[in-house]
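Participant: Here's a structure for you.
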Amino acid sequence: MYEIVDEYKHSESSDKKNKIFKSLCSAIWTSDNKRRTYIKTIKFVIRKDLLNTEIGQIFNVWSEVEYMGYKAMSKETDWCSLIRQKINNLYTRYFDKDVILNKDYLYLLNTPRRLYYQWLDGVEMDPNELTRIIDDSIDNSIRLKTQYQKQKMELSWNNYKKMIEEFLQKILNNCKLIEDYEDKTRLNSIYDFMNEDNFYVSYFCKSLEGEMLKWQKKYYDIRDHKKYKRCITCGKLFEMKTFNQKRCIICQKKYNRINKTEKQKKYRVEKLKS
Ligand SMILES: [Zn+2]
């Protein structure tokens with residue numbers, strides 16, 4: 001990585017620069033560290049002597065709960081695998097609607113397993129109550145998943161690659177050489193613990209993350225220096241106009257309209273009663 005940046009920075013012609021940039025991109029895209037998603041399972045095994053009890057039977061139905069996971073780390077530690085891993089993870093986080101790994105969602109999916117171990121620990125349970133709690137938490141997990149899916153943006157992998165190349169070009173152009181930093185004492189102390197490659201890998205990964213955030217704001221038409229929030233209804237980001245605004249303008253309008261008709265209905269019904 002150090003050689004690439006160094007060569008790029010010291011190249012005079014734009015042709016040469018372009019060649020270096022192209023080979024950087026092709027190394028990243030041909031990396032064996034591909035993006036992978038796979039089904040994960042929250043599992044537990046019901047103790048044999050409990051399997052034929054009413055409670056044991058209820059738990060047995062939920063002894064394997066599936067959800068979609070992804071390969072989040074790279075075994076290889078060369079610069080190319082590491083940067084590619086970052087690129088893969090950003091796609092999963094911002095665009096892949098199948099992979100929802102928010103803590104509250106996983107907590108709900110984990111309910112049967114958690115309750116099973118509580119039961120083993122001697123917590124008394126009523127079969128009807130247990131069924132209700134598990135059903136509720138699974139229902140809520142589905143609702144929560146839909147909500148988190150709405151928070152993801154739309155972009156195909158191919159268009160994402162184009163976007164990432166634009167980011168990489170910008171990052172490479174803005175990247176300073178280590179020696180340009182070296183007289184700054186603050187950086188020197190960090191630099192002591194790193195080799196040159198690590199320095200550039202972490203610079204590129206951090207910058208990719210920053211570019212992604214900027215792109216997300218553009219995607220939702222958020223202007224610079226404006227405060228923004230996520231709409232609780234549609235999941236999109238919106239510029240805040242008032243302090244405790246919860247919805248974007250479109251959802252707020254719909255919400256007001258429904259609320260108004262509800263109120264009118266109520267009013268009419270009450271009028272009829274009197
Ligand atoms: Zn909205």
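Convention: chains lettered A, B, ... in structure tokens order; per-chain residue numbering from 1; ligands numbered from 1 as shown.
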What parts of region 5-216 of chain A does DSSP call alpha helix (DSSP H)? I'd like the answer as an MDAnalysis selection string.
Facilitator: chainID A and resid 5:10 14:29 54:61 79:95 103:109 111:120 127:150 157:174 178:181 185:191 196:216
Participant: Pick out the residues sitting within 8 Å of region 194-205 of chain A, and hand them over as a list in words; count only C-alpha atoms, and ignore anything fewer than 4 positions along from it in its own chain.
Facilitator: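 After dropping sequence-adjacent residues, the list is Met1, Tyr2, Trp79, Leu82, Ile83, Lys86, Leu168, Ile171, Ile178, Ile190 and Glu209 of chain A.
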Participant: Write the residues of the preceding selection, restricted to N, CA and C atoms, as a PDB file, in the first residue's frame.
Facilitator:
ATOM      1  N   MET A   1       0.834  -1.196   0.000  1.00  0.00           N
ATOM      2  CA  MET A   1       0.000   0.000   0.000  1.00  0.00           C
ATOM      3  C   MET A   1       0.872   1.252   0.000  1.00  0.00           C
ATOM      4  N   TYR A   2       1.931   1.198   0.825  1.00  0.00           N
ATOM      5  CA  TYR A   2       2.837   2.347   0.901  1.00  0.00           C
ATOM      6  C   TYR A   2       3.436   2.648  -0.469  1.00  0.00           C
ATOM      7  N   TRP A  79      -3.127  -5.520   2.848  1.00  0.00           N
ATOM      8  CA  TRP A  79      -3.893  -4.281   2.685  1.00  0.00           C
ATOM      9  C   TRP A  79      -5.126  -4.464   1.820  1.00  0.00           C
ATOM     10  N   LEU A  82      -8.014  -6.196   3.581  1.00  0.00           N
ATOM     11  CA  LEU A  82      -8.574  -5.339   4.638  1.00  0.00           C
ATOM     12  C   LEU A  82      -9.455  -4.232   4.057  1.00  0.00           C
ATOM     13  N   ILE A  83      -8.968  -3.584   2.996  1.00  0.00           N
ATOM     14  CA  ILE A  83      -9.774  -2.523   2.391  1.00  0.00           C
ATOM     15  C   ILE A  83     -11.031  -3.111   1.753  1.00  0.00           C
ATOM     16  N   LYS A  86     -13.627  -3.717   4.333  1.00  0.00           N
ATOM     17  CA  LYS A  86     -14.326  -2.479   4.690  1.00  0.00           C
ATOM     18  C   LYS A  86     -15.411  -2.158   3.653  1.00  0.00           C
ATOM     19  N   LEU A 168     -12.457   6.187  -3.786  1.00  0.00           N
ATOM     20  CA  LEU A 168     -11.040   5.816  -3.716  1.00  0.00           C
ATOM     21  C   LEU A 168     -10.160   6.845  -4.434  1.00  0.00           C
ATOM     22  N   ILE A 171      -9.907   9.821  -2.198  1.00  0.00           N
ATOM     23  CA  ILE A 171      -9.089   9.531  -1.014  1.00  0.00           C
ATOM     24  C   ILE A 171      -7.600   9.488  -1.390  1.00  0.00           C
ATOM     25  N   ILE A 178       3.316   9.749   4.435  1.00  0.00           N
ATOM     26  CA  ILE A 178       3.692   9.728   5.853  1.00  0.00           C
ATOM     27  C   ILE A 178       4.783  10.751   6.156  1.00  0.00           C
ATOM     28  N   ILE A 190       1.654   8.035  17.205  1.00  0.00           N
ATOM     29  CA  ILE A 190       0.800   6.971  16.679  1.00  0.00           C
ATOM     30  C   ILE A 190       1.616   6.114  15.718  1.00  0.00           C
ATOM     31  N   GLU A 209     -15.457   5.354   5.163  1.00  0.00           N
ATOM     32  CA  GLU A 209     -16.587   5.497   6.085  1.00  0.00           C
ATOM     33  C   GLU A 209     -17.145   6.926   6.035  1.00  0.00           C
TER      34      GLU A 209
END
Participant: As a quick test: using only C-alpha atoms and all ligand atoms, which residues lie no more than 7 Å away from ligand 1? Give them as a CSV table (one decimal) with C-alpha atoms, in the first residue's frame.
Facilitator:
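Result file is pocket19.csv:
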chain,number,residue,atom,x,y,z
A,231,CYS,CA,-38.2,9.5,10.3
A,232,ILE,CA,-39.9,7.0,12.6
A,233,THR,CA,-42.4,6.1,9.9
A,234,CYS,CA,-40.5,5.7,6.6
A,235,GLY,CA,-37.0,5.3,8.0
A,236,LYS,CA,-35.5,8.0,5.7
A,247,ARG,CA,-41.4,12.4,11.0
A,248,CYS,CA,-40.4,13.7,7.6
A,249,ILE,CA,-42.7,16.2,6.0
A,250,ILE,CA,-44.5,13.7,3.8
A,251,CYS,CA,-45.1,11.2,6.6
Participant: As a list in words, please: all residues of region 21-243 of chain A that backbone DSSP puts in strand (DSSP E).
Facilitator: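 Strand (DSSP E) members of region 21-243 of chain A, listed: Thr37, Tyr38, Ile39, Lys40, Thr41, Ile42, Lys43, Glu64, Val65, Glu66, Tyr67, Met68, Gly69, Tyr70, Tyr228, Lys229, Arg230, Leu237, Phe238 and Glu239 of chain A.
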Participant: Counting only C-alpha atoms, what is within 9 Å of Phe59 (chain A), bar same-chain residues fewer than 4 positions away, as a count of residues only?
Facilitator: 10
Participant: Near Trp29 (chain A), within 12 Å and counting only C-alpha atoms, which residues show up once chain neighbours fewer than 2 positions away are dropped, as JSON, numbers by chain?
Facilitator: {"A": [22, 23, 24, 25, 26, 27, 31, 32, 33, 34, 35, 80, 81, 83, 84, 85, 87, 88, 157, 158, 160, 161, 162, 164, 165]}
Participant: Neighbouring residues of Tyr228 (chain A) were defined as those with any atom within 9 Å, considering only C-alpha atoms; residues of the same chain fewer than 3 positions away were excluded. Please report them as a list of chain:residue names.
Facilitator: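 Contacts, in chain order: A:Ile222, A:Leu237, A:Phe238, A:Glu239, A:Met240, A:Lys241.
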